[in-house]
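Visitor: Pasting a structure here, questions to come.
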Amino acid sequence: MKKISVKLKENSYGIIISNDNRDFVSELKKLKGISSFFIVSDSNIAKIHLNDFKNLLLKSRFNVKSVIIKAGETGKSLQSLSFLYDMALKADIDRQSCVLALGGGVVGDCAGFFASTYMRGIKYIQIPTTLLAMCDSSIGGKTAVNTKGGKNIAGSFYQPAFVFINTDFLKTLCQKQINNGLAEIIKYAFSFEYSFIKYLAKALDGGIINKESFEYMIYKSCIYKSQIVEKDVKETKNLRAILNLGHTLAHAIETATKYNKFLHGEAVSIGLLFAAKLSVLYKLCSQEVYDKLKDLLKSAGLIFDADGLNALRLVNLMKKDKKSVHSKIKFVLLKGFGKAQAGYYVEDEIIYNQLKRFLNQYKGEK
Ligand SMILES: NC(=O)c1ccc[n+]([C@@H]2O[C@H](COP(=O)([O-])OP(=O)(O)OC[C@H]3O[C@@H](n4cnc5c(N)ncnc54)[C@H](O)[C@@H]3O)[C@@H](O)[C@H]2O)c1
């Protein structure tokens, strides 16, 4: 078992990485005065993991109820939220209850936001079941649902009581979803640590990642994310922005393709490569950084097909992004291996020309 402390004064919590669910049960027992647990999962996870998970808690004589939301991004909606409020009331979930978010980022974000607002806020615990959620979305306390107007429009910063990561959940996750999480892990390595890049290159060579490597990658990612969150919990100091390496373009791609063509990590991998391209253009880093990043993304199954992506449309979307200021597009760029820096404004015309060339280069790639 590994434990990482996220130090946020009265909102501090632990991230526990363990393959022994008894560690989870003993953490639950440390929480004082909990009347009942309310498991939120989605329709896919429920089929595979919900019964075993519920039984684990029932055996320990906890009072447990569960509810299932729709799987996939459409499950992160105001309708799901409303459904959760209704079901919680029916199940007698009260202010002393605790929500258990058993799932990927969709469940984590939706259940977290539900917990932050139900009866003005009740405790919740993140139990991430996707690689992306284990290395990223379960940490940091960002919760949200999408509205008609856009992604993550209704949300809050609300820290969990703890995060429990059991990599055994990954055994039932498909390769495409594993690759999706690897994009964020590669992002951490290129943002923060050269030796982590070297580690990943070795671990991803050959395609099969062993349990120890998964645990190590997740552990490193959690450390980096929690260190940034500790310094800038509500993203007010421009420090948390560094976690957005690759995300300026990724968000535009997700919007342009209506969240249908690429998973988040797949869009991030395109964004990472483009950020590296701009970094080389501005002589912030060498071509070698771009080439190594491309090789690593390739070995994680993340090289993309740019067919259908239009440079002008993407530039316009980036200008509208909630992180751009006065319509000026801001990037996180690379100053070398493991050295990301936020806050670079790049002229629209430069982005457009570079992006057009970049996308042409990747048309028809598989
Ligand atoms: N809060 C944050 O800081 C943060 C950060 C990054 C991403 N996100 C959000 O996370 C969401 C994406 O999360 P995700 O990639 O985990 O997607 P997801 O939650 O939709 O899960 C992906 C798919 O895998 C299935 N699944 C989950 N665990 C499984 C398992 N162990 N075995 C088999 N199938 C399983 C799910 O049912 C779903 O179909 C997005 O909504 C994104 O906005 C939030």
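Going by the structure tokens order, chains are called A, B, ..., each with residues numbered from 1, while ligands are numbered from 1 in the order shown.
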Check which residues fall inside 6 Å of ligand 1 when counting only C-alpha atoms and all ligand atoms, and print them as a PDB file with all heavy atoms, in the first residue's frame.
Guide:
ATOM      1  N   ASP A  42     -21.773   3.832 -12.848  1.00  0.00           N
ATOM      2  CA  ASP A  42     -22.503   3.941 -14.118  1.00  0.00           C
ATOM      3  C   ASP A  42     -22.916   2.557 -14.606  1.00  0.00           C
ATOM      4  O   ASP A  42     -22.515   1.534 -14.039  1.00  0.00           O
ATOM      5  CB  ASP A  42     -21.720   4.764 -15.160  1.00  0.00           C
ATOM      6  CG  ASP A  42     -20.555   4.012 -15.794  1.00  0.00           C
ATOM      7  OD1 ASP A  42     -20.591   2.769 -15.883  1.00  0.00           O
ATOM      8  OD2 ASP A  42     -19.604   4.686 -16.233  1.00  0.00           O
ATOM      9  N   ASN A  44     -22.154   0.652 -17.034  1.00  0.00           N
ATOM     10  CA  ASN A  44     -21.125  -0.349 -17.397  1.00  0.00           C
ATOM     11  C   ASN A  44     -20.437  -0.911 -16.162  1.00  0.00           C
ATOM     12  O   ASN A  44     -20.282  -2.124 -16.017  1.00  0.00           O
ATOM     13  CB  ASN A  44     -20.043   0.277 -18.292  1.00  0.00           C
ATOM     14  CG  ASN A  44     -20.578   0.647 -19.652  1.00  0.00           C
ATOM     15  OD1 ASN A  44     -21.559   0.060 -20.109  1.00  0.00           O
ATOM     16  ND2 ASN A  44     -19.957   1.609 -20.304  1.00  0.00           N
ATOM     17  N   ILE A  45     -20.026  -0.029 -15.291  1.00  0.00           N
ATOM     18  CA  ILE A  45     -19.284  -0.463 -14.096  1.00  0.00           C
ATOM     19  C   ILE A  45     -20.191  -1.312 -13.204  1.00  0.00           C
ATOM     20  O   ILE A  45     -19.744  -2.293 -12.603  1.00  0.00           O
ATOM     21  CB  ILE A  45     -18.755   0.760 -13.307  1.00  0.00           C
ATOM     22  CG1 ILE A  45     -17.857   1.613 -14.206  1.00  0.00           C
ATOM     23  CG2 ILE A  45     -17.964   0.333 -12.065  1.00  0.00           C
ATOM     24  CD1 ILE A  45     -17.869   3.060 -13.848  1.00  0.00           C
ATOM     25  N   ALA A  71     -23.874   5.518 -18.506  1.00  0.00           N
ATOM     26  CA  ALA A  71     -22.426   5.506 -18.793  1.00  0.00           C
ATOM     27  C   ALA A  71     -22.105   6.484 -19.914  1.00  0.00           C
ATOM     28  O   ALA A  71     -22.937   6.755 -20.769  1.00  0.00           O
ATOM     29  CB  ALA A  71     -21.990   4.106 -19.172  1.00  0.00           C
ATOM     30  N   GLY A  72     -20.890   7.009 -19.876  1.00  0.00           N
ATOM     31  CA  GLY A  72     -20.426   7.898 -20.953  1.00  0.00           C
ATOM     32  C   GLY A  72     -20.660   9.362 -20.616  1.00  0.00           C
ATOM     33  O   GLY A  72     -21.347   9.697 -19.643  1.00  0.00           O
ATOM     34  N   GLU A  73     -20.093  10.221 -21.455  1.00  0.00           N
ATOM     35  CA  GLU A  73     -20.122  11.669 -21.194  1.00  0.00           C
ATOM     36  C   GLU A  73     -21.549  12.208 -21.002  1.00  0.00           C
ATOM     37  O   GLU A  73     -21.764  13.131 -20.218  1.00  0.00           O
ATOM     38  CB  GLU A  73     -19.406  12.384 -22.359  1.00  0.00           C
ATOM     39  CG  GLU A  73     -19.064  13.833 -22.118  1.00  0.00           C
ATOM     40  CD  GLU A  73     -18.067  14.090 -20.981  1.00  0.00           C
ATOM     41  OE1 GLU A  73     -17.192  13.256 -20.710  1.00  0.00           O
ATOM     42  OE2 GLU A  73     -18.201  15.153 -20.343  1.00  0.00           O
ATOM     43  N   GLY A 103     -16.192   4.736 -10.201  1.00  0.00           N
ATOM     44  CA  GLY A 103     -16.215   4.825 -11.652  1.00  0.00           C
ATOM     45  C   GLY A 103     -15.098   5.662 -12.234  1.00  0.00           C
ATOM     46  O   GLY A 103     -14.138   6.027 -11.548  1.00  0.00           O
ATOM     47  N   GLY A 104     -15.266   5.991 -13.508  1.00  0.00           N
ATOM     48  CA  GLY A 104     -14.289   6.829 -14.195  1.00  0.00           C
ATOM     49  C   GLY A 104     -14.549   8.294 -13.904  1.00  0.00           C
ATOM     50  O   GLY A 104     -15.265   8.639 -12.942  1.00  0.00           O
ATOM     51  N   GLY A 105     -14.001   9.152 -14.755  1.00  0.00           N
ATOM     52  CA  GLY A 105     -14.138  10.592 -14.547  1.00  0.00           C
ATOM     53  C   GLY A 105     -15.573  11.070 -14.603  1.00  0.00           C
ATOM     54  O   GLY A 105     -15.925  12.037 -13.916  1.00  0.00           O
ATOM     55  N   VAL A 106     -16.400  10.407 -15.385  1.00  0.00           N
ATOM     56  CA  VAL A 106     -17.797  10.827 -15.487  1.00  0.00           C
ATOM     57  C   VAL A 106     -18.496  10.655 -14.140  1.00  0.00           C
ATOM     58  O   VAL A 106     -19.113  11.586 -13.610  1.00  0.00           O
ATOM     59  CB  VAL A 106     -18.516  10.036 -16.617  1.00  0.00           C
ATOM     60  CG1 VAL A 106     -20.018  10.103 -16.478  1.00  0.00           C
ATOM     61  CG2 VAL A 106     -18.074  10.562 -17.972  1.00  0.00           C
ATOM     62  N   VAL A 107     -18.380   9.473 -13.564  1.00  0.00           N
ATOM     63  CA  VAL A 107     -19.001   9.220 -12.262  1.00  0.00           C
ATOM     64  C   VAL A 107     -18.356  10.118 -11.198  1.00  0.00           C
ATOM     65  O   VAL A 107     -19.055  10.730 -10.383  1.00  0.00           O
ATOM     66  CB  VAL A 107     -18.871   7.723 -11.868  1.00  0.00           C
ATOM     67  CG1 VAL A 107     -19.214   7.504 -10.407  1.00  0.00           C
ATOM     68  CG2 VAL A 107     -19.749   6.869 -12.764  1.00  0.00           C
ATOM     69  N   ASP A 109     -16.873  13.045 -11.433  1.00  0.00           N
ATOM     70  CA  ASP A 109     -17.269  14.460 -11.553  1.00  0.00           C
ATOM     71  C   ASP A 109     -18.727  14.669 -11.138  1.00  0.00           C
ATOM     72  O   ASP A 109     -19.057  15.624 -10.425  1.00  0.00           O
ATOM     73  CB  ASP A 109     -17.099  14.945 -13.002  1.00  0.00           C
ATOM     74  CG  ASP A 109     -15.650  15.290 -13.328  1.00  0.00           C
ATOM     75  OD1 ASP A 109     -14.758  14.980 -12.517  1.00  0.00           O
ATOM     76  OD2 ASP A 109     -15.411  15.881 -14.397  1.00  0.00           O
ATOM     77  N   THR A 129     -12.021   3.989 -11.387  1.00  0.00           N
ATOM     78  CA  THR A 129     -11.919   2.664 -12.023  1.00  0.00           C
ATOM     79  C   THR A 129     -11.311   2.728 -13.430  1.00  0.00           C
ATOM     80  O   THR A 129     -11.144   1.702 -14.061  1.00  0.00           O
ATOM     81  CB  THR A 129     -13.311   2.002 -12.108  1.00  0.00           C
ATOM     82  OG1 THR A 129     -14.164   2.844 -12.899  1.00  0.00           O
ATOM     83  CG2 THR A 129     -13.929   1.778 -10.741  1.00  0.00           C
ATOM     84  N   THR A 130     -11.047   3.948 -13.942  1.00  0.00           N
ATOM     85  CA  THR A 130     -10.336   4.051 -15.228  1.00  0.00           C
ATOM     86  C   THR A 130      -8.931   4.589 -14.945  1.00  0.00           C
ATOM     87  O   THR A 130      -8.703   5.228 -13.909  1.00  0.00           O
ATOM     88  CB  THR A 130     -11.026   5.023 -16.214  1.00  0.00           C
ATOM     89  OG1 THR A 130     -11.026   6.336 -15.639  1.00  0.00           O
ATOM     90  CG2 THR A 130     -12.449   4.599 -16.538  1.00  0.00           C
ATOM     91  N   LEU A 132      -7.505   7.010 -16.515  1.00  0.00           N
ATOM     92  CA  LEU A 132      -7.577   8.480 -16.519  1.00  0.00           C
ATOM     93  C   LEU A 132      -8.038   9.021 -15.160  1.00  0.00           C
ATOM     94  O   LEU A 132      -7.499   9.990 -14.638  1.00  0.00           O
ATOM     95  CB  LEU A 132      -8.523   8.977 -17.624  1.00  0.00           C
ATOM     96  CG  LEU A 132      -8.582  10.493 -17.734  1.00  0.00           C
ATOM     97  CD1 LEU A 132      -8.359  10.954 -19.165  1.00  0.00           C
ATOM     98  CD2 LEU A 132      -9.885  11.045 -17.210  1.00  0.00           C
ATOM     99  N   ALA A 133      -9.023   8.342 -14.584  1.00  0.00           N
ATOM    100  CA  ALA A 133      -9.520   8.811 -13.284  1.00  0.00           C
ATOM    101  C   ALA A 133      -8.485   8.560 -12.186  1.00  0.00           C
ATOM    102  O   ALA A 133      -8.346   9.374 -11.269  1.00  0.00           O
ATOM    103  CB  ALA A 133     -10.841   8.121 -12.965  1.00  0.00           C
ATOM    104  N   ASP A 136      -5.673  11.222 -12.722  1.00  0.00           N
ATOM    105  CA  ASP A 136      -6.014  12.628 -12.949  1.00  0.00           C
ATOM    106  C   ASP A 136      -7.316  13.069 -12.284  1.00  0.00           C
ATOM    107  O   ASP A 136      -7.308  13.773 -11.265  1.00  0.00           O
ATOM    108  CB  ASP A 136      -6.072  12.876 -14.475  1.00  0.00           C
ATOM    109  CG  ASP A 136      -6.203  14.343 -14.826  1.00  0.00           C
ATOM    110  OD1 ASP A 136      -6.290  15.172 -13.918  1.00  0.00           O
ATOM    111  OD2 ASP A 136      -6.217  14.670 -16.025  1.00  0.00           O
ATOM    112  N   SER A 137      -8.472  12.619 -12.829  1.00  0.00           N
ATOM    113  CA  SER A 137      -9.727  13.285 -12.457  1.00  0.00           C
ATOM    114  C   SER A 137     -10.165  13.070 -11.007  1.00  0.00           C
ATOM    115  O   SER A 137     -10.913  13.872 -10.474  1.00  0.00           O
ATOM    116  CB  SER A 137     -10.855  12.873 -13.412  1.00  0.00           C
ATOM    117  OG  SER A 137     -11.103  11.503 -13.329  1.00  0.00           O
ATOM    118  N   LYS A 142     -12.010  18.906  -8.440  1.00  0.00           N
ATOM    119  CA  LYS A 142     -12.877  19.562  -9.440  1.00  0.00           C
ATOM    120  C   LYS A 142     -14.046  18.639  -9.724  1.00  0.00           C
ATOM    121  O   LYS A 142     -13.847  17.472 -10.071  1.00  0.00           O
ATOM    122  CB  LYS A 142     -12.112  19.797 -10.746  1.00  0.00           C
ATOM    123  CG  LYS A 142     -11.285  21.050 -10.774  1.00  0.00           C
ATOM    124  CD  LYS A 142     -10.823  21.300 -12.209  1.00  0.00           C
ATOM    125  CE  LYS A 142      -9.919  22.488 -12.301  1.00  0.00           C
ATOM    126  NZ  LYS A 142      -9.397  22.680 -13.663  1.00  0.00           N
ATOM    127  N   THR A 143     -15.254  19.148  -9.539  1.00  0.00           N
ATOM    128  CA  THR A 143     -16.440  18.340  -9.819  1.00  0.00           C
ATOM    129  C   THR A 143     -17.315  19.136 -10.785  1.00  0.00           C
ATOM    130  O   THR A 143     -17.263  20.365 -10.774  1.00  0.00           O
ATOM    131  CB  THR A 143     -17.261  18.067  -8.540  1.00  0.00           C
ATOM    132  OG1 THR A 143     -18.029  19.247  -8.229  1.00  0.00           O
ATOM    133  CG2 THR A 143     -16.393  17.698  -7.363  1.00  0.00           C
ATOM    134  N   PHE A 169      -9.021  -2.834 -10.884  1.00  0.00           N
ATOM    135  CA  PHE A 169     -10.146  -2.401 -11.730  1.00  0.00           C
ATOM    136  C   PHE A 169      -9.729  -2.300 -13.200  1.00  0.00           C
ATOM    137  O   PHE A 169     -10.555  -2.432 -14.099  1.00  0.00           O
ATOM    138  CB  PHE A 169     -10.684  -1.034 -11.274  1.00  0.00           C
ATOM    139  CG  PHE A 169     -11.550  -1.093 -10.042  1.00  0.00           C
ATOM    140  CD1 PHE A 169     -11.201  -0.410  -8.881  1.00  0.00           C
ATOM    141  CD2 PHE A 169     -12.740  -1.811 -10.048  1.00  0.00           C
ATOM    142  CE1 PHE A 169     -12.007  -0.454  -7.753  1.00  0.00           C
ATOM    143  CE2 PHE A 169     -13.557  -1.861  -8.918  1.00  0.00           C
ATOM    144  CZ  PHE A 169     -13.183  -1.184  -7.765  1.00  0.00           C
ATOM    145  N   LEU A 170      -8.438  -2.044 -13.422  1.00  0.00           N
ATOM    146  CA  LEU A 170      -7.976  -1.853 -14.803  1.00  0.00           C
ATOM    147  C   LEU A 170      -8.028  -3.140 -15.621  1.00  0.00           C
ATOM    148  O   LEU A 170      -7.983  -3.106 -16.847  1.00  0.00           O
ATOM    149  CB  LEU A 170      -6.543  -1.289 -14.810  1.00  0.00           C
ATOM    150  CG  LEU A 170      -6.364   0.082 -14.150  1.00  0.00           C
ATOM    151  CD1 LEU A 170      -4.908   0.500 -14.180  1.00  0.00           C
ATOM    152  CD2 LEU A 170      -7.225   1.140 -14.840  1.00  0.00           C
ATOM    153  N   THR A 172     -10.447  -4.941 -16.268  1.00  0.00           N
ATOM    154  CA  THR A 172     -11.645  -5.043 -17.113  1.00  0.00           C
ATOM    155  C   THR A 172     -11.780  -3.846 -18.068  1.00  0.00           C
ATOM    156  O   THR A 172     -12.775  -3.732 -18.781  1.00  0.00           O
ATOM    157  CB  THR A 172     -12.924  -5.117 -16.236  1.00  0.00           C
ATOM    158  OG1 THR A 172     -12.994  -3.949 -15.411  1.00  0.00           O
ATOM    159  CG2 THR A 172     -12.930  -6.362 -15.374  1.00  0.00           C
ATOM    160  N   LEU A 173     -10.788  -2.985 -18.058  1.00  0.00           N
ATOM    161  CA  LEU A 173     -10.859  -1.783 -18.903  1.00  0.00           C
ATOM    162  C   LEU A 173     -10.236  -2.075 -20.272  1.00  0.00           C
ATOM    163  O   LEU A 173      -9.165  -2.680 -20.340  1.00  0.00           O
ATOM    164  CB  LEU A 173     -10.092  -0.644 -18.201  1.00  0.00           C
ATOM    165  CG  LEU A 173     -10.350   0.767 -18.697  1.00  0.00           C
ATOM    166  CD1 LEU A 173     -11.800   1.197 -18.442  1.00  0.00           C
ATOM    167  CD2 LEU A 173      -9.406   1.758 -18.021  1.00  0.00           C
TER     168      LEU A 173
END
Visitor: Which of region 108-314 of chain A counts as strand (DSSP E or B) under DSSP, as a VMD selection string please?
Guide: chain A and resid 123 to 128 142 to 147 150 to 157 162 to 165
Visitor: Considering only C-alpha atoms, state which residue in the set A:His247, A:Lys292, A:Lys225, A:Lys9 is at the smallest distance from Lys198 (chain A).
Guide: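 The answer is A:Lys292, which sits nearest to Lys198 (chain A).
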Visitor: For CA of Asp291 (chain A) and CA of Phe196 (chain A), quote the distance in Å rounded to one decimal.
Guide: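 Calculated distance between CA of Asp291 (chain A) and CA of Phe196 (chain A) is 16.4 Å.
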Visitor: Go through A:Thr117, A:Asn360, A:Ser269, A:Asn210 and flag the residue nearest Leu296 (chain A), using only C-alpha atoms for the distances.
Guide: A:Ser269
Visitor: Given the choices A:Lys231, A:Lys76, A:Lys32, A:Lys320, which gets closest to Lys151 (chain A) if the distance is worked out from only C-alpha atoms?
Guide: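 The shortest atom-to-atom distance to Lys151 (chain A) comes from A:Lys76.
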Visitor: Identify, on the basis of only C-alpha atoms, every residue whose closest approach to region 77-91 of chain A does not exceed 12 Å; exclude the query and any residue fewer than 2 positions from it along the same chain; express the result as number ranges by chain.
Guide: A: 35-42, 63-75, 93-95, 97-99, 106-107, 109-122, 143-155
Visitor: Out of A:Leu293, A:Ile303, A:Glu288, A:Leu278, which residue has the shortest atom-to-atom distance to Asn353 (chain A) when counting only C-alpha atoms?
Guide: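 For Asn353 (chain A), the nearest of the candidates is A:Leu278.
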Visitor: Using DSSP on the backbone, list every residue of region 130-286 of chain A that comes out as helix (DSSP H, G or I), and give them as JSON, numbers by chain.
Guide: {"A": [131, 132, 133, 134, 135, 136, 137, 167, 168, 169, 170, 171, 172, 175, 176, 177, 178, 179, 180, 181, 182, 183, 184, 185, 186, 187, 188, 189, 190, 191, 192, 194, 195, 196, 197, 198, 199, 200, 201, 202, 203, 204, 211, 212, 213, 214, 215, 216, 217, 218, 219, 220, 221, 222, 223, 224, 225, 226, 227, 228, 229, 230, 231, 240, 241, 242, 243, 244, 247, 248, 249, 250, 251, 252, 253, 254, 255, 256, 264, 265, 266, 267, 268, 269, 270, 271, 272, 273, 274, 275, 276, 277, 278, 279, 280, 281]}
Visitor: Using only C-alpha atoms, find the one residue out of A:Tyr199, A:Tyr158, A:Phe53, A:Tyr224 that sits nearest to Glu184 (chain A).
Guide: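 For Glu184 (chain A), the nearest of the candidates is A:Tyr224.
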Visitor: Which residue is closest to Leu312 (chain A)? Choose from A:Ser12, A:Gln354, A:Gln341, A:Ser286 and count only C-alpha atoms.
Guide: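 Looking only at the distances to Leu312 (chain A), the closest residue turns out to be A:Gln354.
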Visitor: Phe331 (chain A): which residues within 7 Å, counting only C-alpha atoms, same-chain residues fewer than 3 positions away excluded, as a list of chain:residue names?
Guide: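 In the requested format, the answer is A:Thr248, A:Ala342, A:Gly343, A:Tyr344, A:Tyr345.
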Visitor: Include N, CA, C and O atoms and write out the residues we just selected as a short mmCIF file (atom, residue, chain, number, x, y, z; two decimals), in the first residue's frame.
Guide:
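Output saved as out08.cif:
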data_model
loop_
_atom_site.label_atom_id
_atom_site.label_comp_id
_atom_site.auth_asym_id
_atom_site.auth_seq_id
_atom_site.Cartn_x
_atom_site.Cartn_y
_atom_site.Cartn_z
N THR A 248 -5.05 23.02 -24.61
CA THR A 248 -5.62 24.16 -25.35
C THR A 248 -6.21 23.63 -26.66
O THR A 248 -7.38 23.88 -26.98
N ALA A 342 3.64 27.50 -18.28
CA ALA A 342 2.34 28.03 -18.72
C ALA A 342 2.47 29.50 -19.13
O ALA A 342 3.47 30.15 -18.82
N GLY A 343 1.44 29.98 -19.83
CA GLY A 343 1.32 31.42 -20.05
C GLY A 343 1.91 31.98 -21.32
O GLY A 343 2.22 33.17 -21.36
N TYR A 344 2.10 31.18 -22.36
CA TYR A 344 2.61 31.72 -23.62
C TYR A 344 1.46 32.11 -24.56
O TYR A 344 0.69 31.25 -24.97
N TYR A 345 1.39 33.40 -24.86
CA TYR A 345 0.39 33.84 -25.85
C TYR A 345 1.01 33.67 -27.24
O TYR A 345 2.13 34.10 -27.47
#
Visitor: Using only C-alpha atoms, which protein or nucleic acid residues come within 12 Å of Lys3 (chain A)? Drop anything in the same chain fewer than 5 positions from it, and give the result as a VMD selection string.
Guide: chain A and resid 13 to 18 23 to 24 27 162 to 165 215 218 to 220 222 to 223
Visitor: Could you tell me how far CA of Tyr362 (chain A) lies from CA of Val268 (chain A), in Å and to one decimal?
Guide: 14.9 Å
Visitor: Please indicate the distance in Å from CA of Asn244 (chain A) to CA of Lys187 (chain A), rounded to one decimal place.
Guide: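 So the answer is 8.8 Å.
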Visitor: Near Leu355 (chain A), within 8 Å and counting only C-alpha atoms, which residues show up once chain neighbours fewer than 3 positions away are dropped, as a compact mmCIF listing (two decimals) with N, CA and C atoms, in the first residue's frame?
Guide:
# COMPACT_ATOMS: atom_id res chain seq x y z
N PHE A 274 1.30 19.11 -30.66
CA PHE A 274 1.27 20.45 -31.26
C PHE A 274 1.97 21.46 -30.34
N ALA A 311 -8.05 23.54 -39.42
CA ALA A 311 -7.21 24.45 -38.63
C ALA A 311 -7.94 25.75 -38.26
N ILE A 351 -0.45 30.31 -35.14
CA ILE A 351 -1.11 29.03 -34.78
C ILE A 351 -1.76 28.42 -36.02
N TYR A 352 -2.47 29.27 -36.75
CA TYR A 352 -3.19 28.76 -37.93
C TYR A 352 -2.21 28.11 -38.92
N PHE A 358 0.71 21.00 -39.56
CA PHE A 358 0.75 19.89 -38.60
C PHE A 358 -0.36 18.87 -38.91
N LEU A 359 -1.56 19.38 -39.15
CA LEU A 359 -2.70 18.47 -39.41
C LEU A 359 -2.51 17.73 -40.74
Visitor: Hey, what's within 9 Å of Leu239 (chain A) if we count only C-alpha atoms and toss same-chain stuff fewer than 3 positions away? As a PyMOL selection string, please?
Guide: chain A and resi 228-229+231-232+235-236+242-243+342
